[in-house]
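First comes the structure, then the notes that go with it.
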Amino acid sequence: MTFVLISSSGTMAMAVNFGYRRDRTKTAVLMLVTAAFGATFVGMQAFEWTKLIMEGVRPWDNPWGAAQFGSSFFMITGFHGTHVTIGVIFLIAIARKVWRGDFDVERRGFFTSRKGHYEIVEITGLYWHFVDLVWVFIFALFYLW
Amino acid sequence: MHDAVASGATHAKGQQHPIKLYLVVWGWLFVLSTCSYLVDYFGLHGYLRWSLILLFMVLKAGLIVAVFMHMAWERLALAYAILLPPVLVLVFVAIMVFESDYTHLIRVIFFAPPT
């Protein structure tokens, strides 16, 4: 899971780079690859949760030790997974706009009716890297500790 | 209008780095992740385990923030504004950890249930 999310951060960083170069195809493709990695991550998390729940871990109970582990584990990884899911949706939406060339013609946005710029690729990237950054801490402190 | 376009163009050049840099950082992140898995694999215990886990964690976080999030090319003031508050929180946590023994001692002395 760690490698999947790190790879997604790598592809996202390169997508941002191509976004600055205004290379529409490469940016969009790399963003979609990032989204695919993110979806893979969420899928693996679903499997992991299923396994742990089968083994008797609950938000109020933990067969191997302190009950607090169950609650904090499910809450923290759950919130993180939610943000990954939101990121995947956001990535797909922005990748579609890049692909269509919205930022070259400064087409107005659907909700905001403001002109789009390639900066949104960097902003999406910052969001995605932060989600990856949080996973670095979760992985170290929950899985390895 | 022309100014806006020109500044947009200069800004677009702002974060142009060779792809190789991202690939190298990506590789390092893989290496560091593998190292932290190996800590678990070899079953290291105690302070060695914890310090290694924290070391790899901080290195990975640093690489992501510095290169992927372009912090290394930001102004120094911004880097301080973002990095200093979490560091101060960690200092506060450290102070609380040091004080915890003392607090626990006081509780045991004054609030221990009579036996």
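Letters A, B, ... go to the chains of the structure tokens in the order shown; residues in each chain start at 1; ligands are counted from 1 in the same order.
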Residues of chain B that have any atom at most 7 Å from an atom of chain A: could you tabulate them with the shortest-distance atom pair and the distance in Å to one decimal, using only C-alpha atoms, ordered by chain and increasing number, as a Markdown table?
| residue | atom | partner | partner_atom | distance |
| --- | --- | --- | --- | --- |
| B:Ala12 | CA | A:Tyr20 | CA | 5.3 |
| B:Lys13 | CA | A:Tyr20 | CA | 6.7 |
| B:Gln16 | CA | A:Asn17 | CA | 6.5 |
| B:Ile19 | CA | A:Met14 | CA | 6.7 |
| B:Tyr22 | CA | A:Gly10 | CA | 6.7 |
| B:Trp26 | CA | A:Gly10 | CA | 5.7 |
| B:Phe30 | CA | A:Phe3 | CA | 6.7 |
| B:Asp40 | CA | A:Leu144 | CA | 6.3 |
| B:Trp50 | CA | A:Trp145 | CA | 6.8 |
| B:Ile53 | CA | A:Ala140 | CA | 6.2 |
| B:Met57 | CA | A:Val136 | CA | 6.3 |
| B:Ala61 | CA | A:Leu133 | CA | 5.9 |
| B:Ile64 | CA | A:Leu133 | CA | 6.9 |
| B:Phe68 | CA | A:Ala13 | CA | 5.6 |
| B:Met69 | CA | A:Leu126 | CA | 5.8 |
Legend entry - All strand (DSSP E or B) residues (DSSP, backbone) inside stretch 37-141 of chain A, as a list in words: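 Those residues are Arg58, Asp61, Arg108 and Lys115 of chain A.
Near A:Phe79, within 12 Å and counting only C-alpha atoms, sit Val42, Gln45, Ser72, Phe73, Thr85, Ile86, Val131, Val134, Trp135 and Ile138 of chain A; same-chain residues fewer than 6 positions away were not included.
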Inset, instruction - Write out as a PyMOL selection string which residues come within 7 Å of A:Phe41 when counting only C-alpha atoms, dropping same-chain ones fewer than 4 positions away. - result: chain A and resi 1+4-5+37+45
Please provide as an mmCIF file with C-alpha atoms, in the first residue's frame all residues within 9 Å of B:Lys60, with the sequence filter that same-chain residues fewer than 2 positions apart are discarded (counting only C-alpha atoms).
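Generated file (out39.cif):
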data_model
loop_
_atom_site.group_PDB
_atom_site.id
_atom_site.type_symbol
_atom_site.label_atom_id
_atom_site.label_comp_id
_atom_site.auth_asym_id
_atom_site.auth_seq_id
_atom_site.Cartn_x
_atom_site.Cartn_y
_atom_site.Cartn_z
ATOM 1 C CA LEU A 133 2.481 12.725 3.453
ATOM 2 C CA VAL A 136 3.859 8.310 5.662
ATOM 3 C CA TRP B 28 14.685 7.226 -2.827
ATOM 4 C CA LEU B 29 11.158 7.049 -1.418
ATOM 5 C CA LEU B 32 13.351 4.352 2.352
ATOM 6 C CA SER B 33 10.011 2.510 2.420
ATOM 7 C CA LEU B 55 14.242 8.475 10.948
ATOM 8 C CA PHE B 56 12.878 6.889 7.750
ATOM 9 C CA MET B 57 9.519 8.583 8.345
ATOM 10 C CA VAL B 58 11.078 12.040 8.677
ATOM 11 C CA GLY B 62 11.097 15.735 4.034
ATOM 12 C CA LEU B 63 11.572 14.495 0.465
ATOM 13 C CA ILE B 64 7.853 14.750 -0.317
ATOM 14 C CA VAL B 65 7.521 18.242 1.143
#
Legend entry - Between atom CA of A:Phe110 and atom CA of A:Thr40, distance in Å (one decimal): 28.5 Å
Legend entry - Residue list (helix (DSSP H, G or I), DSSP) for stretch 36-125 of chain A, as a ChimeraX atom specification: /A:36-54,67-100,119-125
Preceding selection exported with C-alpha atoms as a PDB file, in the first residue's frame:
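So the final result, stored in out-v2.pdb, reads:
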ATOM      1  CA  ALA A  36      -5.755   4.658 -10.728  1.00  0.00           C
ATOM      2  CA  PHE A  37      -3.065   4.220  -8.054  1.00  0.00           C
ATOM      3  CA  GLY A  38      -5.303   6.054  -5.577  1.00  0.00           C
ATOM      4  CA  ALA A  39      -8.264   3.813  -6.385  1.00  0.00           C
ATOM      5  CA  THR A  40      -5.991   0.753  -5.986  1.00  0.00           C
ATOM      6  CA  PHE A  41      -4.962   2.049  -2.586  1.00  0.00           C
ATOM      7  CA  VAL A  42      -8.578   2.463  -1.452  1.00  0.00           C
ATOM      8  CA  GLY A  43      -9.327  -1.045  -2.715  1.00  0.00           C
ATOM      9  CA  MET A  44      -6.446  -2.506  -0.732  1.00  0.00           C
ATOM     10  CA  GLN A  45      -7.631  -0.604   2.316  1.00  0.00           C
ATOM     11  CA  ALA A  46     -11.088  -2.117   1.925  1.00  0.00           C
ATOM     12  CA  PHE A  47      -9.507  -5.599   1.914  1.00  0.00           C
ATOM     13  CA  GLU A  48      -7.428  -4.749   4.971  1.00  0.00           C
ATOM     14  CA  TRP A  49     -10.439  -3.457   6.899  1.00  0.00           C
ATOM     15  CA  THR A  50     -12.413  -6.582   5.975  1.00  0.00           C
ATOM     16  CA  LYS A  51      -9.602  -8.801   7.247  1.00  0.00           C
ATOM     17  CA  LEU A  52      -9.265  -6.876  10.514  1.00  0.00           C
ATOM     18  CA  ILE A  53     -13.023  -6.873  11.105  1.00  0.00           C
ATOM     19  CA  MET A  54     -13.105 -10.635  10.456  1.00  0.00           C
ATOM     20  CA  ALA A  67      -9.448  -1.068  22.844  1.00  0.00           C
ATOM     21  CA  GLN A  68      -8.339   2.450  21.919  1.00  0.00           C
ATOM     22  CA  PHE A  69      -6.309   0.987  19.050  1.00  0.00           C
ATOM     23  CA  GLY A  70      -9.479  -0.087  17.281  1.00  0.00           C
ATOM     24  CA  SER A  71     -11.136   3.307  17.547  1.00  0.00           C
ATOM     25  CA  SER A  72      -8.101   5.375  16.586  1.00  0.00           C
ATOM     26  CA  PHE A  73      -7.099   2.987  13.775  1.00  0.00           C
ATOM     27  CA  PHE A  74     -10.497   2.989  12.111  1.00  0.00           C
ATOM     28  CA  MET A  75     -10.998   6.708  12.592  1.00  0.00           C
ATOM     29  CA  ILE A  76      -7.586   7.787  11.298  1.00  0.00           C
ATOM     30  CA  THR A  77      -7.266   5.364   8.385  1.00  0.00           C
ATOM     31  CA  GLY A  78     -10.940   5.952   7.604  1.00  0.00           C
ATOM     32  CA  PHE A  79     -10.504   9.706   7.362  1.00  0.00           C
ATOM     33  CA  HIS A  80      -7.350   9.206   5.308  1.00  0.00           C
ATOM     34  CA  GLY A  81      -9.108   6.796   2.960  1.00  0.00           C
ATOM     35  CA  THR A  82     -11.962   9.275   2.574  1.00  0.00           C
ATOM     36  CA  HIS A  83      -9.508  11.949   1.519  1.00  0.00           C
ATOM     37  CA  VAL A  84      -7.852   9.585  -0.953  1.00  0.00           C
ATOM     38  CA  THR A  85     -11.282   8.877  -2.441  1.00  0.00           C
ATOM     39  CA  ILE A  86     -12.064  12.592  -2.725  1.00  0.00           C
ATOM     40  CA  GLY A  87      -8.622  13.073  -4.306  1.00  0.00           C
ATOM     41  CA  VAL A  88      -9.324  10.401  -6.923  1.00  0.00           C
ATOM     42  CA  ILE A  89     -12.594  12.101  -7.888  1.00  0.00           C
ATOM     43  CA  PHE A  90     -10.876  15.487  -7.994  1.00  0.00           C
ATOM     44  CA  LEU A  91      -8.007  14.095 -10.095  1.00  0.00           C
ATOM     45  CA  ILE A  92     -10.383  12.614 -12.649  1.00  0.00           C
ATOM     46  CA  ALA A  93     -12.339  15.879 -12.870  1.00  0.00           C
ATOM     47  CA  ILE A  94      -9.217  17.996 -13.384  1.00  0.00           C
ATOM     48  CA  ALA A  95      -7.665  15.468 -15.792  1.00  0.00           C
ATOM     49  CA  ARG A  96     -10.818  15.717 -17.920  1.00  0.00           C
ATOM     50  CA  LYS A  97     -10.507  19.499 -17.992  1.00  0.00           C
ATOM     51  CA  VAL A  98      -6.825  19.297 -18.941  1.00  0.00           C
ATOM     52  CA  TRP A  99      -7.583  16.748 -21.645  1.00  0.00           C
ATOM     53  CA  ARG A 100     -10.326  18.936 -23.094  1.00  0.00           C
ATOM     54  CA  GLU A 119      -2.309  26.283 -11.576  1.00  0.00           C
ATOM     55  CA  ILE A 120      -5.145  23.968 -10.573  1.00  0.00           C
ATOM     56  CA  VAL A 121      -2.887  21.043 -11.535  1.00  0.00           C
ATOM     57  CA  GLU A 122      -0.317  22.202  -8.995  1.00  0.00           C
ATOM     58  CA  ILE A 123      -3.060  22.696  -6.389  1.00  0.00           C
ATOM     59  CA  THR A 124      -4.413  19.200  -7.004  1.00  0.00           C
ATOM     60  CA  GLY A 125      -0.833  17.977  -6.723  1.00  0.00           C
TER      61      GLY A 125
END
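Note that atom CA of A:Asn62 and atom CA of B:Leu52 are 26.8 Å apart.
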